[in-house]
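Everything on this sheet refers to the single structure shown next.
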Amino acid sequence: MNKQKQLWENLSRENSKYYINSDFGKSITDEQFKVSGISDYNRLIKSDELIDNYDSILDIGCGTGRLTASMAYYFDRVIGIDISGEMIKQAKERLYDFNNIELFETNGYTIPLSDKSVSNVFSYLVFQHMKTEGMVESNFSEAYRVLKSGGLFKVRLRTDKVERMDKWWAGVSYTPKQAFNLAEFFDFEVIKSEAVKDYGLWLWLRKF
């Protein structure tokens, strides 16, 4: 088991809600967790005019399904993947009522889907925790592979540099230029970018 996988197995057993959304502190309630997921879905996906194909979506780093649940009301097919088997276990318990959600544990590098099988790939507060450029690059490559032609990859990257990677929240960072080069290396077209204060960058990437 790689170190990143072991880290998130441990964190998810300790307090999965907090490590998915730390805004409310370690005493975050089930209701706060649920409502925050709905709010973020509405803000980041429902109101996004660039996301206009609702046949399928892949949620990279779905955790216990905080946003995945809302996706299921709007998309015909929803796939959630996470590096933590414990997160996926809890997601299956939370989302058992939905018949259009598929959930998979991964190794953090590969995606268990066939080529050109989804119309959208989405990831929020996940890539910022990846400890190596190799993991980021592998996920970009896999996102491109599983997307259909014309598909959209919306992803947030870290832009603030972290001194110590041994912190649970730490991850590799990219300047905007590095982020654009990364996307273009994997043949994505950058159709939009948006800075998140001084610590993040949203990218909207199209596969043609």
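Just remember, in the structure tokens the first chain shown is A, the second B, etc., residues are 1-based per chain, and ligands are 1-based in the order shown.
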Requested in this report: Can you list, as a PyMOL selection string, all residues belonging to stretch 111-165 of chain A that DSSP tags as helix (DSSP H, G or I)?
Outcome: chain A and resi 127-129+133-146
Report task. Please give the complete set of residues from stretch 71-204 of chain A that DSSP, run on the backbone, assigns to strand (DSSP E or B), formatted as a ChimeraX atom specification. Result -> /A:77-82,101-105,118-123,147-158,188-196,200-204
Query raised in the report: Which polymer residues have any atom within 12 Å of an atom of A:Gly65, counting only C-alpha atoms, with same-chain residues fewer than 6 positions away left out, as a ChimeraX atom specification?
Result: /A:16-17,20-21,33-34,36-38,41,58-59,71-72,78-82,87-96,98,101-104
Mind dumping the selected residues with C-alpha atoms as a PDB file, in the first residue's frame?
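Okay, this is what ended up in result.pdb:
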ATOM      1  CA  SER A  16     -13.797  11.295   7.449  1.00  0.00           C
ATOM      2  CA  LYS A  17     -16.161  14.276   7.478  1.00  0.00           C
ATOM      3  CA  ILE A  20     -13.112  15.976   3.548  1.00  0.00           C
ATOM      4  CA  ASN A  21     -14.403  19.392   4.677  1.00  0.00           C
ATOM      5  CA  PHE A  33     -21.559  17.841   5.913  1.00  0.00           C
ATOM      6  CA  LYS A  34     -24.623  17.147   3.774  1.00  0.00           C
ATOM      7  CA  SER A  36     -22.055  21.821   2.463  1.00  0.00           C
ATOM      8  CA  GLY A  37     -22.050  19.217  -0.295  1.00  0.00           C
ATOM      9  CA  ILE A  38     -25.294  20.522  -1.769  1.00  0.00           C
ATOM     10  CA  TYR A  41     -22.502  21.240  -5.955  1.00  0.00           C
ATOM     11  CA  LEU A  58     -16.666  11.041 -12.886  1.00  0.00           C
ATOM     12  CA  ASP A  59     -15.899  12.426  -9.420  1.00  0.00           C
ATOM     13  CA  MET A  71     -24.597  14.693  -8.884  1.00  0.00           C
ATOM     14  CA  ALA A  72     -26.943  11.708  -8.894  1.00  0.00           C
ATOM     15  CA  VAL A  78     -22.261   9.025 -11.771  1.00  0.00           C
ATOM     16  CA  ILE A  79     -18.939   7.362 -10.961  1.00  0.00           C
ATOM     17  CA  GLY A  80     -17.057   8.138  -7.778  1.00  0.00           C
ATOM     18  CA  ILE A  81     -13.490   6.992  -7.163  1.00  0.00           C
ATOM     19  CA  ASP A  82     -11.231   7.413  -4.156  1.00  0.00           C
ATOM     20  CA  MET A  87     -13.985   6.331   2.165  1.00  0.00           C
ATOM     21  CA  ILE A  88     -15.608   4.185  -0.515  1.00  0.00           C
ATOM     22  CA  LYS A  89     -17.084   1.897   2.131  1.00  0.00           C
ATOM     23  CA  GLN A  90     -18.651   4.877   3.906  1.00  0.00           C
ATOM     24  CA  ALA A  91     -19.823   6.321   0.574  1.00  0.00           C
ATOM     25  CA  LYS A  92     -21.626   3.086  -0.250  1.00  0.00           C
ATOM     26  CA  GLU A  93     -23.364   3.225   3.122  1.00  0.00           C
ATOM     27  CA  ARG A  94     -24.402   6.865   2.638  1.00  0.00           C
ATOM     28  CA  LEU A  95     -25.516   6.536  -0.988  1.00  0.00           C
ATOM     29  CA  TYR A  96     -27.147   3.108  -0.988  1.00  0.00           C
ATOM     30  CA  PHE A  98     -29.105   5.711  -5.489  1.00  0.00           C
ATOM     31  CA  ILE A 101     -23.944   5.785  -8.726  1.00  0.00           C
ATOM     32  CA  GLU A 102     -20.912   3.512  -9.150  1.00  0.00           C
ATOM     33  CA  LEU A 103     -18.139   3.651  -6.541  1.00  0.00           C
ATOM     34  CA  PHE A 104     -14.603   2.301  -6.821  1.00  0.00           C
TER      35      PHE A 104
END
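With distances restricted to only C-alpha atoms, A:Leu11 is the closest residue to A:Ile83 from A:Ala69, A:Leu50, A:Leu157, A:Leu11.
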Report task. Go through A:Phe24, A:Trp202, A:Trp169, A:Phe153 one by one, measure the shortest atom-to-atom distance of each to A:Glu189 using only C-alpha atoms, and give the residue with the smallest value. Result -> A:Phe153
Report task. List the neighbours of stretch 205-208 of chain A out to 6 Å using only C-alpha atoms; skip same-chain residues closer than 4 positions along the sequence, and give me the result as a list in words. Result -> Ser149, Gly150, Gly151, Leu152, Phe153, Phe188, Glu189, Val190 and Ile191 of chain A
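Remark: for A:Asn120, the closest of the candidate residues A:Asn2, A:Ser70, A:Asn53, A:Gln32 is A:Asn53 (distances computed over only C-alpha atoms).
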Which residues come within 12 Å of A:Ser141, counting only C-alpha atoms, excluding same-chain residues fewer than 5 positions away, as a PDB file with N, CA and C atoms, in the first residue's frame?
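Once written, result-v9.pdb looks like this:
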ATOM      1  N   TYR A 109      -3.656   6.294  -8.977  1.00  0.00           N
ATOM      2  CA  TYR A 109      -2.987   6.599 -10.244  1.00  0.00           C
ATOM      3  C   TYR A 109      -3.827   6.239 -11.468  1.00  0.00           C
ATOM      4  N   THR A 110      -4.601   5.181 -11.377  1.00  0.00           N
ATOM      5  CA  THR A 110      -5.377   4.722 -12.530  1.00  0.00           C
ATOM      6  C   THR A 110      -6.866   4.768 -12.228  1.00  0.00           C
ATOM      7  N   ILE A 111      -7.649   4.862 -13.296  1.00  0.00           N
ATOM      8  CA  ILE A 111      -9.102   4.958 -13.192  1.00  0.00           C
ATOM      9  C   ILE A 111      -9.717   3.717 -13.823  1.00  0.00           C
ATOM     10  N   ASP A 115     -11.962   3.442 -22.085  1.00  0.00           N
ATOM     11  CA  ASP A 115     -11.651   4.640 -22.860  1.00  0.00           C
ATOM     12  C   ASP A 115     -12.947   5.318 -23.335  1.00  0.00           C
ATOM     13  N   VAL A 121     -15.373  14.985 -16.223  1.00  0.00           N
ATOM     14  CA  VAL A 121     -14.543  14.586 -15.089  1.00  0.00           C
ATOM     15  C   VAL A 121     -14.415  15.802 -14.193  1.00  0.00           C
ATOM     16  N   GLY A 134       4.078  12.978 -10.212  1.00  0.00           N
ATOM     17  CA  GLY A 134       3.735  11.755 -10.931  1.00  0.00           C
ATOM     18  C   GLY A 134       2.289  11.355 -10.745  1.00  0.00           C
ATOM     19  N   MET A 135       1.761  11.518  -9.539  1.00  0.00           N
ATOM     20  CA  MET A 135       0.364  11.179  -9.296  1.00  0.00           C
ATOM     21  C   MET A 135      -0.557  12.152 -10.029  1.00  0.00           C
ATOM     22  N   VAL A 136      -0.226  13.434  -9.993  1.00  0.00           N
ATOM     23  CA  VAL A 136      -1.026  14.428 -10.714  1.00  0.00           C
ATOM     24  C   VAL A 136      -1.032  14.117 -12.204  1.00  0.00           C
ATOM     25  N   VAL A 146     -10.368   8.544 -20.309  1.00  0.00           N
ATOM     26  CA  VAL A 146     -11.747   8.104 -20.078  1.00  0.00           C
ATOM     27  C   VAL A 146     -12.781   9.100 -20.613  1.00  0.00           C
ATOM     28  N   LEU A 147     -12.353  10.313 -20.927  1.00  0.00           N
ATOM     29  CA  LEU A 147     -13.293  11.298 -21.461  1.00  0.00           C
ATOM     30  C   LEU A 147     -13.671  11.007 -22.907  1.00  0.00           C
ATOM     31  N   PHE A 153     -13.056  18.402 -18.427  1.00  0.00           N
ATOM     32  CA  PHE A 153     -12.364  18.084 -17.180  1.00  0.00           C
ATOM     33  C   PHE A 153     -12.254  19.370 -16.380  1.00  0.00           C
ATOM     34  N   LEU A 182       0.963  21.646 -18.239  1.00  0.00           N
ATOM     35  CA  LEU A 182       0.562  20.298 -17.855  1.00  0.00           C
ATOM     36  C   LEU A 182      -0.650  19.851 -18.670  1.00  0.00           C
ATOM     37  N   ALA A 183      -1.644  20.712 -18.737  1.00  0.00           N
ATOM     38  CA  ALA A 183      -2.861  20.376 -19.478  1.00  0.00           C
ATOM     39  C   ALA A 183      -2.575  20.162 -20.955  1.00  0.00           C
ATOM     40  N   GLU A 184      -1.797  21.039 -21.528  1.00  0.00           N
ATOM     41  CA  GLU A 184      -1.505  20.949 -22.957  1.00  0.00           C
ATOM     42  C   GLU A 184      -0.627  19.746 -23.285  1.00  0.00           C
ATOM     43  N   PHE A 185       0.223  19.336 -22.336  1.00  0.00           N
ATOM     44  CA  PHE A 185       1.052  18.155 -22.544  1.00  0.00           C
ATOM     45  C   PHE A 185       0.182  16.924 -22.778  1.00  0.00           C
ATOM     46  N   PHE A 186      -0.963  16.867 -22.099  1.00  0.00           N
ATOM     47  CA  PHE A 186      -1.864  15.726 -22.255  1.00  0.00           C
ATOM     48  C   PHE A 186      -2.962  15.995 -23.278  1.00  0.00           C
ATOM     49  N   ASP A 187      -2.730  16.991 -24.132  1.00  0.00           N
ATOM     50  CA  ASP A 187      -3.607  17.298 -25.266  1.00  0.00           C
ATOM     51  C   ASP A 187      -4.956  17.902 -24.898  1.00  0.00           C
ATOM     52  N   PHE A 188      -5.075  18.402 -23.679  1.00  0.00           N
ATOM     53  CA  PHE A 188      -6.273  19.161 -23.332  1.00  0.00           C
ATOM     54  C   PHE A 188      -6.164  20.579 -23.883  1.00  0.00           C
ATOM     55  N   LYS A 207     -11.411  18.024 -24.085  1.00  0.00           N
ATOM     56  CA  LYS A 207     -10.774  17.005 -24.917  1.00  0.00           C
ATOM     57  C   LYS A 207     -11.410  17.044 -26.299  1.00  0.00           C
TER      58      LYS A 207
END
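Residue nearest A:Ile45, chosen from A:Thr64, A:Asn139, A:Gln128, A:Ser123 and counting only C-alpha atoms: A:Ser123.
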Query raised in the report: Which polymer residues have any atom within 8 Å of an atom of A:Ser173, counting only C-alpha atoms, with same-chain residues fewer than 5 positions away left out, as a PyMOL selection string?
Result: chain A and resi 128+157-162
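Minimum atom-to-atom distances from A:Ser193, A:Lys167, A:Tyr174, A:Ser56 to A:Phe122 were compared using only C-alpha atoms, and the lowest value belongs to A:Ser56.
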Query raised in the report: Counting only C-alpha atoms, what is within 9 Å of A:Gln4, bar same-chain residues fewer than 4 positions away, as a PyMOL selection string?
Result: chain A and resi 8-9+83+108+130-131
